[in-house]
Structures are given as C-alpha cells and as structure tokens.
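Scroll down for the structure; my scribbles are underneath it.
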Amino acid sequence: MPDIETIVIGAGVVGLACARALALSGREVMVLERHGLIGSETSARNSEVIHAGIYYPPGSLKAALCLPGKNQLYRFCADNGIAHERIGKLIVAADEAQLPELERLHRQATDTGLDDLVFYDRNKLREIEPELDCCGALWSPSTGIIDSHGFMLALQGGLEDKGGQVVLNTRVSRIKPCEGGYRLEVDTGDAGTYSLTCRELIVSAGHGAPGLMQDVAGAQAPKAYLAKGNYFKLQGKAPFSTLVYPVPEPGGSGVHITLDLQHQARFGPDVEWVEEIDYEVDPARGDRFYAAIRSYWPGLPDKSLIADYCGFRPKITGPGEPAADFRIDGPRAHGHTGLVALYGMESPGLTSALAIGDHVAGLL
C-alpha cells in the first residue's frame with residue numbers, strides 16, 4: 001500500500017496547478033518542494049506577464065495550452081481576487097526590415113485561434129505611445145500582468161481546501177519505480193533522509209526534472225540547459241501605458257518593457273547561457289540594454305537603468321537550436337503507469353498553468 005496516492009515534485013506555478021487539478025479530481029495529493037518557499041525559482045523570477053498566445057506554432061503544446069490557459073487564468077484571478085490587469089502589449093518593428101516578421105507572427109497567431117491582434121502603422125503608434133519611434137506594431141489587447149505570488153498562493157489554497165498539502169524543505173534525490181507505484185528517496189536536511197512511496201507521480205521540478213528522470217527506464221529525459229535572463233528597472237516614471245516588446249530574438253523575446261502592477265517599468269530579460277544558477281545581476285550587462293531599447297525608444301535617458309533581478313529559463317534545447325515546445329511525457333511516452341514528467345516549462349508556463357494542470361490530470 002503506497003504512503004500517498006499522488007505526489008507532485010515541485011511547488012512552482014505549474015506543479016501547484018497540477019496538484020490542484022488532481023486534488024479537484026478526488027485524489028489525495030502531496031507536493032514536495034526542496035526550497036523553504038513555494039515558487040522561488042522560475043515562477044518567482046519572470047516578467048509576470050499573461051501571454052496572449054502569439055509566438056507559438058500551430059499544433060504545438062504551447063499554442064494548445066496558452067490560449068485556453070489565458071482565459072482560465074483571467075477567470076481564476078477574477079474569482080479569487082488576484083491582482084491583475086489586462087494592460088495590452090505592442091510588438092514593435094524598429095525598422096522596415098522587421099515588418100515581415102510582424103506579418104508572420106500575425107498569420108501564425110491567427111492560425112492558432114488568436115483573433116484579436118491589430119496592426120498599427122507608424123502614425124497610429126505615435127498617437128498611442130508618442131515616445132516610440134517604430135515603423136509599425138502588432139497590438140495585443142488580451143495580454144496582461146499578474147501578481148504571480150498571489151496566483152500561487154491561491155493555487156495552494158485550492159489544493160489544501162481539497163485536503164492536499166505542500167511540504168517544504170524536502171528534496172527528492174532519486175525516483176525508482178516499485179510494485180504498485182514509485183519510491184522516492186527524500187532528503188529533509190536536519191531531519192535526515194527517508195523513502196516515500198506513491199501510486200502516481202508528477203515530476204514538475206523545473207530545471208531539475210531531467211536529472212530526476214535519468215534513472216527511470218524508458219524515460220529518455222532531455223538534456224537540461226540554463227538560459228539566464230537579467231532584468232533592469234527604470235529610474236523614474238515610464239512614459240508608456242502598455243507593455244512594449246521588440247520582435248523576438250533567438251532564445252527569447254528580446255529586451256522588452258514590462259510594467260508591474262504599480263506601473264513601474266523594468267527591462268529584460270536578455271539571454272545569457274550559463275552552467276550554474278547564480279542570482280547575481282552584473283550591472284555591466286545593462287550597458288548592452290541601452291542600444292537594444294533605444295532601437296524603439298530613442299528617448300531612454302543615460303544612466304537610468306538599475307540592476308534588478310534575474311531568472312533562469314529551464315531550457316531543453318541549447319544555444320543556436322530552435323526553441324523547444326513544452327514536453328509533457330505521460331504513460332504512453334515512457335511506459336510507466338501513473339507517471340507524468342514535465343520538461344522545458346518556460347514561458348508561457350505561468351499563463352498556461354491551469355490548462356497544463358487539466359492536461360496532466362487527463363493523462364492519468
């Protein structure tokens with residue numbers, strides 16, 4: 001008899017959404033989190049943007065989960081009093097050579113079912129955001145911003161309301177299939193190590209998921225890569241009322257302008273491929289931001305950017321390789337009943353979290 005019916009490894013936004021969905025289905029659910037706080041890695045270190053579903057190819061999991069996830073998220077925020085704002089976003093072409101990319105993005109988004117994008121020419125753009133100097137832009141009215149920590153607390157509350165629990169400071173070091181389910185080797189620091197068994201297992205461990213799955217026969221876990229994204233905040237008030245993104249760049253969406261719920265502006269993230277997690281932001285990297293930002297906002301003042309924070313995208317493709325889709329491996333992928341492993345859950349993971357939770361529950 002297993003100790004717990006269902007265990008989720010990782011209390012980030014995706015893990016919590018999966019745990020809540022499984023608890024709502026009537027399961028006994030426990031979430032194991034190695035840190036002392038929920039969502040303290042990728043989920044706490046991003047742009048806190050509710051994505052519309054523009055960048056993802058038709059037929060991809062990202063496209064299939066982002067659009068319904070966005071709609072679910074807006075409803076969830078309204079129902080649970082989570083701070084958010086449907087603030088909108090401009091994707092701007094700094095010169096005419098980038099206009100075809102805007103057209104491609106528009107076609108792709110339409111093909112995936114997103115039908116609210118509007119093209120603005122230079123004159124219309126100047127009316128709306130006079131500080132921008134661009135040839136044109138795509139306007140996305142359904143893009144928003146969110147209090148990501150408030151969202152995660154609400155997910156945890158929904159889990160606990162159904163009898164589930166989150167156990168912090170508990171690191172899973174090994175997974176081994178056993179009779180009737182899975183045996184986990186667990187390290188709790190001062191309290192020592194022990195084994196825990198479950199019937200169903202969801203591995204939503206972000207950067208650590210590929211490593212945890214290496215010992216599971218048939219799992220074929222991908223290689224993990226780390227892409228650090230550094231953010232800088234703007235001193236003073238931003239002259240923009242919406243989010244401003246350049247056309248995408250390899251590895252990310254370019255150095256963009258996002259606003260928090262107090263409308264304080266921050267810039268980033270850039271793409272820095274690294275071997276280890278280090279949360280220090282090198283102030284010198286800000287020097288590279290000025291040219292990128294001034295390509296669409298020439299009025300950015302000198303010495304106005306201050307190093308703020310960084311995050312790490314849990315990549316499963318490396319430098320120079322095409323961006324990977326979400327990879328969610330259920331029993332049909334690896335042959336193990338009751339096991340789902342999630343890899344490469346970067347953007348739009350936060351936006352898609354509720355839809356991902358439903359998808360994972362469906363795989364079981």
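By convention here, the chains of the structure tokens are called A, B, ... in the order presented, each chain's residues are numbered starting at 1, and ligands are numbered starting at 1 in the order presented.
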Filtered DSSP result for stretch 85-316 of chain A, state strand (DSSP E or B), as a VMD selection string: chain A and resid 85 89 to 93 118 to 121 136 to 140 144 to 146 165 to 167 171 to 178 181 to 187 193 to 203 225 to 234 243 to 246 249 252 256 to 259 265 to 268 272 to 274 305 to 315
Neighbour list for A:Asp282 as an NGL selection string, cut-off 9 Å, only C-alpha atoms, skip fewer than 3 positions in-chain: :A and (230 or 285-286 or 307)
Nearest residue to A:Val49 from the set A:Leu259, A:Val166, A:Met213, A:Cys310 (distances using only C-alpha atoms):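 Of A:Leu259, A:Val166, A:Met213, A:Cys310, the one nearest A:Val49, counting only C-alpha atoms, is A:Leu259.
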Which residue of A:Ala94, A:Ala219, A:Val281, A:Leu168 approaches A:Cys135 most closely, using only C-alpha atoms: A:Ala94
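If you count only C-alpha atoms and ignore residues fewer than 4 places along the chain from A:His51, what sits within 9 Å of it is Cys66, Leu67, Lys70, Ser142, Thr143, Gly144, Ile145, Ser347, Pro348, Leu350, Thr351 and Ser352 of chain A.
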Residues from the last selection, C-alpha atoms, saved as a compact mmCIF listing (two decimals), in the first residue's frame:
# COMPACT_ATOMS: atom_id res chain seq x y z
CA CYS A 66 -1.67 29.02 -23.80
CA LEU A 67 -4.94 30.23 -25.31
CA LYS A 70 -5.05 32.56 -20.60
CA SER A 142 -5.54 40.36 -24.31
CA THR A 143 -2.01 40.45 -22.90
CA GLY A 144 -1.93 41.22 -19.19
CA ILE A 145 0.11 41.34 -15.98
CA SER A 347 7.18 30.84 -20.98
CA PRO A 348 4.19 30.64 -21.35
CA LEU A 350 2.61 30.74 -15.96
CA THR A 351 -0.15 31.73 -18.40
CA SER A 352 -0.83 28.09 -19.31
Selection near A:Gly254, 10 Å with only C-alpha atoms, sequence-local residues under 6 positions removed, as JSON, numbers by chain: {"A": [245, 246, 247, 248, 267, 268, 269, 270, 271, 292, 293]}
Top pick for closest residue to A:Ser241, considering A:Leu65, A:Ala265, A:Ala224, A:Val167 and counting only C-alpha atoms: A:Ala265
For stretch 177-180 of chain A: contacts at 8 Å, only C-alpha atoms, fewer than 3 positions along chain excluded, given as a list in words: Met1, Pro2, Arg183, Cys198, Arg199 and Val216 of chain A
Which of stretch 109-309 of chain A DSSP labels helix (DSSP H, G or I), written as a ChimeraX atom specification: /A:109-112,122-128,148-161,189-191,206-212,283-294
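Compared by their closest atoms to A:Ala11, and using only C-alpha atoms, the residues A:Arg174, A:Lys223, A:His149, A:Lys228 rank with A:His149 nearest.
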Pick from A:Gln220, A:Thr6, A:Gln98, A:Thr197, whichever lies nearest to A:Cys134 using only C-alpha atoms: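 Of all the options, A:Gln98 lies closest to A:Cys134.
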12 Å contact set for A:Gly218, only C-alpha atoms, chain neighbours under 6 positions out, as a ChimeraX atom specification: /A:177,329-336,339
Separation of atom CA of A:Tyr290 from atom CA of A:Ala323 in Å: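 Going from atom CA of A:Ala323 over to atom CA of A:Tyr290, I get 25.7 Å.
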Residue nearest A:Lys176 among A:Asn80, A:Gln214, A:Gln156, A:Thr112 (counting only C-alpha atoms):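 Going through A:Asn80, A:Gln214, A:Gln156, A:Thr112 one by one, the smallest distance to A:Lys176 is for A:Gln214.
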For A:Gly311: contacts at 10 Å, only C-alpha atoms, fewer than 6 positions along chain excluded, given as a PyMOL selection string: chain A and resi 41-47+226-231+269+277-281
Interatomic distance, atom CA of A:Asp79 to atom CA of A:Gly164 (Å, one decimal):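 Atom-to-atom, atom CA of A:Asp79 and atom CA of A:Gly164 are spaced 20.7 Å apart.
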Point-to-point distance in Å for atom CA of A:Ala353 and atom CA of A:Ala63: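 These atoms are spaced 12.8 Å apart.
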